[in-house]
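Here is the file coords_26.txt (compact mmCIF, C-alpha atoms).
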# COMPACT_ATOMS: atom_id res chain seq x y z
CA MET A 1 129.70 66.09 68.43
CA ALA A 2 128.46 65.00 71.84
CA ASN A 3 128.82 66.41 75.33
CA ILE A 4 129.83 63.65 77.72
CA LEU A 5 129.82 63.72 81.51
CA MET A 6 132.54 61.59 83.09
CA VAL A 7 131.75 60.90 86.73
CA VAL A 8 134.86 60.02 88.75
CA SER A 9 135.17 58.99 92.39
CA ALA A 10 136.70 61.52 94.75
CA ALA A 11 137.61 58.85 97.32
CA ASP A 12 141.25 58.14 98.10
CA SER A 13 140.72 55.13 100.36
CA LEU A 14 138.33 52.25 100.92
CA THR A 15 137.51 50.88 104.37
CA MET A 16 138.18 47.16 104.24
CA LYS A 17 136.38 44.28 105.93
CA ASP A 18 138.91 44.28 108.78
CA GLY A 19 138.54 48.04 109.32
CA SER A 20 141.82 49.02 107.71
CA GLU A 21 142.06 51.74 105.08
CA HIS A 22 143.12 50.66 101.59
CA PRO A 23 144.56 53.50 99.45
CA THR A 24 142.63 53.77 96.20
CA GLY A 25 140.99 56.21 93.79
CA TYR A 26 140.36 55.91 90.05
CA TRP A 27 142.14 53.32 87.90
CA ALA A 28 144.49 55.07 85.50
CA GLU A 29 143.88 52.89 82.43
CA GLU A 30 140.12 53.28 82.70
CA LEU A 31 140.04 57.05 82.94
CA VAL A 32 142.85 57.64 80.46
CA VAL A 33 141.74 55.24 77.74
CA SER A 34 138.08 56.23 77.85
CA HIS A 35 138.80 59.98 78.06
CA GLN A 36 141.32 59.80 75.22
CA THR A 37 139.11 57.67 72.99
CA LEU A 38 136.08 59.91 73.47
CA THR A 39 137.88 63.23 73.05
CA GLU A 40 139.97 62.15 70.07
CA ALA A 41 136.70 61.36 68.31
CA GLY A 42 135.80 65.05 68.68
CA ASN A 43 133.54 64.90 71.70
CA THR A 44 133.62 67.20 74.73
CA VAL A 45 134.19 65.43 78.06
CA HIS A 46 133.52 67.18 81.37
CA ILE A 47 134.81 65.50 84.52
CA ALA A 48 132.65 65.72 87.65
CA THR A 49 133.27 64.44 91.19
CA PRO A 50 131.44 64.57 94.52
CA GLY A 51 132.10 67.99 95.98
CA GLY A 52 134.18 69.00 92.97
CA ARG A 53 137.23 67.48 94.64
CA LYS A 54 140.27 66.52 92.56
CA PRO A 55 140.19 62.76 92.07
CA THR A 56 143.09 60.60 93.20
CA VAL A 57 144.73 58.10 90.88
CA ASP A 58 145.25 54.67 92.40
CA GLN A 59 149.03 54.40 92.50
CA VAL A 60 148.87 50.65 91.90
CA SER A 61 147.36 51.35 88.50
CA LEU A 62 150.46 53.32 87.51
CA ALA A 63 152.83 50.43 88.24
CA ALA A 64 154.26 48.72 85.16
CA GLU A 65 152.90 45.32 86.20
CA SER A 66 149.37 46.71 86.48
CA ALA A 67 149.50 48.98 83.44
CA GLY A 68 150.86 46.39 81.02
CA GLY A 69 154.48 47.45 80.93
CA ASP A 70 156.69 50.48 81.50
CA GLU A 71 155.69 52.20 78.28
CA ARG A 72 151.96 52.00 78.95
CA ALA A 73 152.47 53.09 82.57
CA GLN A 74 154.42 56.14 81.43
CA GLY A 75 151.77 56.88 78.82
CA PHE A 76 149.09 56.90 81.51
CA LYS A 77 151.18 59.22 83.69
CA ASP A 78 151.79 61.57 80.77
CA TYR A 79 148.10 61.73 79.85
CA ILE A 80 147.05 62.36 83.45
CA ALA A 81 149.58 65.20 83.59
CA LYS A 82 148.23 66.56 80.30
CA ILE A 83 144.66 66.82 81.65
CA ASP A 84 145.69 67.86 85.16
CA GLY A 85 143.86 71.17 84.76
CA GLU A 86 140.60 69.32 84.19
CA LEU A 87 141.24 66.90 87.02
CA ALA A 88 142.19 69.69 89.42
CA HIS A 89 138.97 71.60 88.77
CA PRO A 90 136.19 69.10 88.09
CA LEU A 91 132.54 70.00 88.07
CA VAL A 92 130.67 69.66 91.34
CA LEU A 93 128.43 66.64 90.90
CA ALA A 94 125.59 68.32 92.81
CA ASP A 95 125.57 71.21 90.32
CA VAL A 96 125.41 69.10 87.17
CA ASP A 97 122.38 69.47 84.91
CA VAL A 98 122.22 66.20 83.01
CA ALA A 99 120.10 67.87 80.34
CA SER A 100 123.35 69.39 79.05
CA TYR A 101 124.85 65.97 78.28
CA ASP A 102 124.33 63.17 75.81
CA ALA A 103 126.04 60.46 77.86
CA VAL A 104 127.29 59.66 81.35
CA VAL A 105 130.51 57.62 81.56
CA MET A 106 131.80 56.15 84.83
CA PRO A 107 135.29 54.62 85.03
CA GLY A 108 136.21 52.58 88.06
CA GLY A 109 138.98 51.80 90.44
CA HIS A 110 137.83 50.91 93.95
CA GLY A 111 136.90 54.54 94.63
CA PRO A 112 133.24 54.18 93.57
CA MET A 113 132.82 51.56 96.30
CA ALA A 114 133.62 54.28 98.84
CA ASP A 115 131.51 57.18 97.57
CA LEU A 116 129.61 56.88 94.28
CA TYR A 117 127.54 53.85 95.26
CA LYS A 118 125.60 55.97 97.75
CA ASP A 119 125.89 59.45 96.21
CA ALA A 120 122.45 61.02 96.00
CA ASP A 121 123.52 63.55 93.38
CA LEU A 122 124.78 60.79 91.12
CA GLY A 123 121.54 58.91 91.72
CA ARG A 124 119.55 61.95 90.58
CA ILE A 125 121.69 62.28 87.46
CA LEU A 126 121.41 58.61 86.55
CA VAL A 127 117.65 58.42 87.07
CA ALA A 128 117.11 61.50 84.89
CA ALA A 129 119.54 60.27 82.22
CA ASN A 130 117.89 56.87 82.13
CA LYS A 131 114.40 58.32 81.83
CA ASP A 132 115.57 60.41 78.88
CA GLY A 133 117.28 57.45 77.22
CA LYS A 134 120.73 59.01 77.44
CA ILE A 135 123.74 56.72 77.22
CA ILE A 136 124.95 55.51 80.62
CA ALA A 137 128.31 53.72 80.51
CA PRO A 138 129.93 52.45 83.73
CA PHE A 139 132.76 49.93 83.67
CA CYS A 140 134.92 47.83 85.98
CA HIS A 141 133.95 49.11 89.49
CA GLY A 142 132.08 52.05 87.93
CA PRO A 143 128.78 50.11 87.99
CA ALA A 144 128.88 50.48 91.78
CA GLY A 145 127.62 53.99 91.02
CA LEU A 146 124.42 52.53 89.57
CA LEU A 147 123.46 51.48 93.10
CA SER A 148 122.81 55.15 93.90
CA ALA A 149 119.94 55.29 91.41
CA THR A 150 116.54 54.78 92.95
CA ASP A 151 113.34 56.17 91.47
CA ASP A 152 110.61 58.12 93.24
CA ASP A 153 109.15 55.01 94.91
CA GLY A 154 112.56 53.80 96.08
CA ALA A 155 112.98 51.08 93.47
CA PHE A 156 116.35 50.40 91.86
CA ALA A 157 116.31 52.21 88.51
CA PHE A 158 118.27 49.45 86.75
CA LYS A 159 116.36 46.44 88.06
CA GLY A 160 116.06 43.82 85.34
CA ARG A 161 118.71 45.46 83.15
CA ARG A 162 121.54 43.45 81.63
CA LEU A 163 125.03 44.62 82.56
CA THR A 164 128.51 43.53 83.51
CA VAL A 165 130.91 44.56 86.25
CA PHE A 166 134.24 43.60 87.84
CA THR A 167 133.41 40.05 88.81
CA ASN A 168 133.62 38.29 92.15
CA GLU A 169 136.25 36.04 90.58
CA GLU A 170 138.37 39.02 89.54
CA GLU A 171 137.95 40.80 92.87
CA LEU A 172 138.82 37.80 94.98
CA GLY A 173 141.57 36.55 92.70
CA GLY A 174 143.27 39.75 91.63
CA GLY A 175 141.51 42.69 93.28
CA THR A 176 141.47 43.34 97.00
CA GLY A 177 140.80 39.68 97.80
CA GLU A 178 139.07 38.24 100.84
CA ASN A 179 139.37 41.55 102.71
CA THR A 180 137.07 43.27 100.19
CA PRO A 181 134.28 44.91 102.22
CA TRP A 182 131.56 44.04 99.72
CA LEU A 183 131.31 42.66 96.19
CA VAL A 184 129.81 44.92 93.54
CA GLU A 185 128.63 41.98 91.43
CA ASP A 186 126.67 40.58 94.36
CA ALA A 187 125.23 43.97 95.30
CA LEU A 188 123.94 44.57 91.78
CA LYS A 189 122.40 41.11 91.60
CA GLU A 190 120.70 41.65 94.95
CA LYS A 191 119.14 44.84 93.55
CA GLY A 192 117.79 42.92 90.56
CA ALA A 193 120.35 43.62 87.83
CA VAL A 194 121.10 40.79 85.39
CA VAL A 195 124.88 40.41 85.47
CA GLU A 196 126.54 38.81 82.44
CA ASN A 197 130.16 37.85 83.08
CA GLY A 198 132.84 37.16 80.51
CA ALA A 199 136.17 35.44 81.02
CA ALA A 200 138.24 36.98 83.80
CA TRP A 201 140.62 39.74 82.70
CA SER A 202 139.33 39.83 79.14
CA SER A 203 137.26 42.57 77.53
CA ASN A 204 133.53 42.10 77.98
CA VAL A 205 131.00 44.77 77.05
CA VAL A 206 127.26 44.37 77.55
CA ARG A 207 124.75 46.73 75.98
CA ASP A 208 121.14 46.84 77.06
CA GLY A 209 119.49 49.75 75.29
CA ASN A 210 121.02 52.96 76.62
CA LEU A 211 123.06 51.08 79.25
CA ILE A 212 126.58 50.14 78.15
CA SER A 213 128.80 48.43 80.71
CA GLY A 214 132.27 46.91 80.81
CA GLN A 215 133.68 44.23 83.06
CA ASN A 216 137.23 45.32 83.84
CA PRO A 217 140.12 47.61 82.86
CA GLN A 218 140.64 45.54 79.73
CA SER A 219 137.16 46.65 78.60
CA SER A 220 137.93 50.39 78.75
CA GLU A 221 138.54 51.02 75.06
CA ASP A 222 135.71 48.78 73.92
CA VAL A 223 133.25 50.55 76.22
CA ALA A 224 134.32 53.94 74.87
CA LYS A 225 134.01 52.70 71.28
CA GLU A 226 130.53 51.34 71.99
CA VAL A 227 129.58 54.75 73.42
CA LEU A 228 130.83 56.38 70.21
CA THR A 229 128.74 53.94 68.17
CA ALA A 230 125.68 54.63 70.28
CA LEU A 231 126.11 58.40 69.88
CA SER A 232 126.68 58.29 66.14
Mind turning the file's structure into structure tokens?
Amino acid sequence: MANILMVVSAADSLTMKDGSEHPTGYWAEELVVSHQTLTEAGNTVHIATPGGRKPTVDQVSLAAESAGGDERAQGFKDYIAKIDGELAHPLVLADVDVASYDAVVMPGGHGPMADLYKDADLGRILVAANKDGKIIAPFCHGPAGLLSATDDDGAFAFKGRRLTVFTNEEELGGGTGENTPWLVEDALKEKGAVVENGAAWSSNVVRDGNLISGQNPQSSEDVAKEVLTALS
């Protein structure tokens, strides 16, 4: 069975275009579904955050209307409580040796737009993982973390790679809207990534070699399953 590093944002707010602070963190469905799918298949998942800080769940993601009903919302809450020990004591991202892992998985929420996109330790991990052909699997806003990865000459490590991400359409229509400080899809395109969008709010997974990405929360399970396939 594989050892999987799950990199989670430690941010609890995002500074918006108008300067206000928007409460955020990780999106419950994304962390829960991917963690559960990967561990139930027999793999070991270690959670890591910047500074080893306990990540914050975006409270909006625990609301019934966001989670897909009361039952799913309660299921997410129960699972988060079940793994609270892991969440309370994550690995310190700066101390992670990627050689110990077979894959790096990055769920979203708006948190990565506040910290992971510029985290040098994550950048080091991703560059090393990519050079070794290890599976790298960000989804929804998780691909913001890819922006941290620049090689020795300063070039974007994922330039020219095919991927997907929470789209401009989804962000502006059902995310944080016109007050969003920056759009992850646009930022990745500007760096040279080849973004392949699917229909809004439907599962879309793109695999380009060792890079597996998902578009939105609806893609969480399919991303995890593709990671399992890639590791098998």
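Considering the residues A:Ser232, A:Ser213, A:Ser9, A:Asn197 and counting all atoms listed in the file, Tyr117 in chain A has its shortest atom-to-atom contact with A:Ser9.
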*asked:* I want to know what sits within 12 Å of Lys131 in chain A, based on only C-alpha atoms, with residues of the same chain fewer than 3 positions away left out; could you give that as a PyMOL selection string?
replied: chain A and resi 98-99+124-128+134-136+149-151+157-158+209-211
*asked:* Could you tell me how far CA of Leu93 in chain A sits from CA of Leu116 in chain A, in Å to one decimal place?
replied: 10.4 Å
*asked:* Report as JSON, numbers by chain all protein, DNA and RNA residues lying within 6 Å of Ala48 in chain A, evaluated on only C-alpha atoms, omitting residues in the same chain fewer than 5 positions from it.
replied: {"A": [7, 90, 91, 92, 93]}
Go ahead and dump the residues you just picked, C-alpha atoms, as a short mmCIF file (atom, residue, chain, number, x, y, z; two decimals), in the frame of the given file.
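Everything below was put into result.cif:
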data_model
loop_
_atom_site.label_atom_id
_atom_site.label_comp_id
_atom_site.auth_asym_id
_atom_site.auth_seq_id
_atom_site.Cartn_x
_atom_site.Cartn_y
_atom_site.Cartn_z
CA VAL A 7 131.75 60.90 86.73
CA PRO A 90 136.19 69.10 88.09
CA LEU A 91 132.54 70.00 88.07
CA VAL A 92 130.67 69.66 91.34
CA LEU A 93 128.43 66.64 90.90
#
*Can you tell me, as a PyMOL selection string, what residues are no more than 12 Å from range 64-73 of chain A when counting all atoms listed in the file, ignoring any on the same chain fewer than 2 positions away?*
chain A and resi 27-30+32-33+58-62+75-80+174-175+201+217-218
_Among listed residues A:Val227, A:Phe139, A:Gly192, A:Pro107, nearest Ala155 in chain A (using all atoms listed in the file)_ = A:Gly192
_Distance query Glu170 in chain A at most 10 Å, all atoms listed in the file, self and fewer than 2 positions along chain excluded, as a list in words_ = Val165, Phe166, Thr167, Asn168, Leu172, Gly173, Gly174, Gly175, Thr176, Gly177, Ala199, Ala200, Trp201, Gln215 and Asn216 of chain A
Go ahead and write the selection's residues with C-alpha atoms as a PDB file, in the coordinates of the input.
ATOM      1  CA  VAL A 165     130.910  44.560  86.250  1.00  0.00           C
ATOM      2  CA  PHE A 166     134.240  43.600  87.840  1.00  0.00           C
ATOM      3  CA  THR A 167     133.410  40.050  88.810  1.00  0.00           C
ATOM      4  CA  ASN A 168     133.620  38.290  92.150  1.00  0.00           C
ATOM      5  CA  LEU A 172     138.820  37.800  94.980  1.00  0.00           C
ATOM      6  CA  GLY A 173     141.570  36.550  92.700  1.00  0.00           C
ATOM      7  CA  GLY A 174     143.270  39.750  91.630  1.00  0.00           C
ATOM      8  CA  GLY A 175     141.510  42.690  93.280  1.00  0.00           C
ATOM      9  CA  THR A 176     141.470  43.340  97.000  1.00  0.00           C
ATOM     10  CA  GLY A 177     140.800  39.680  97.800  1.00  0.00           C
ATOM     11  CA  ALA A 199     136.170  35.440  81.020  1.00  0.00           C
ATOM     12  CA  ALA A 200     138.240  36.980  83.800  1.00  0.00           C
ATOM     13  CA  TRP A 201     140.620  39.740  82.700  1.00  0.00           C
ATOM     14  CA  GLN A 215     133.680  44.230  83.060  1.00  0.00           C
ATOM     15  CA  ASN A 216     137.230  45.320  83.840  1.00  0.00           C
TER      16      ASN A 216
END
Which centre and which edge lengths, in Å to one decimal, describe the axis-aligned box that holds all listed atoms of range 66-72 of chain A after 5 Å is added on each side, as JSON?
{"center_x": 153.0, "center_y": 49.3, "center_z": 82.4, "size_x": 17.3, "size_y": 15.8, "size_z": 18.2}
_For a cutoff of 9 Å around the file-coordinate point (135.2, 64.6, 72.0), which residues qualify once you count all atoms listed in the file? I'd like the result as an MDAnalysis selection string._
chainID A and resid 1:4 35:45
*In Å to one decimal, how far is CA of Ser219 in chain A from CA of Ala94 in chain A?*
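Distance between the two atoms: 28.4 Å.
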*Interatomic distance between CA of His89 in chain A and CA of Ile47 in chain A?*
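Separating CA of His89 in chain A from CA of Ile47 in chain A is a distance of 8.5 Å.
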*Residue with smallest distance to Gly111 in chain A - pool A:Glu21, A:Asp208, A:Asp222, A:Glu169, counting all atoms listed in the file*: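 Closest to Gly111 in chain A, using all atoms listed in the file: A:Glu21.
Among the candidates A:Trp182, A:Gly133, A:Val194, A:Gly142, the residue lying nearest to Lys159 in chain A is A:Val194 (atoms considered: only C-alpha atoms).
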*For Asp186 in chain A, which of A:Leu122, A:Leu147, A:Val104, A:Val205 is the closest residue, counting only C-alpha atoms?*
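Of A:Leu122, A:Leu147, A:Val104, A:Val205, the one nearest Asp186 in chain A, counting only C-alpha atoms, is A:Leu147.
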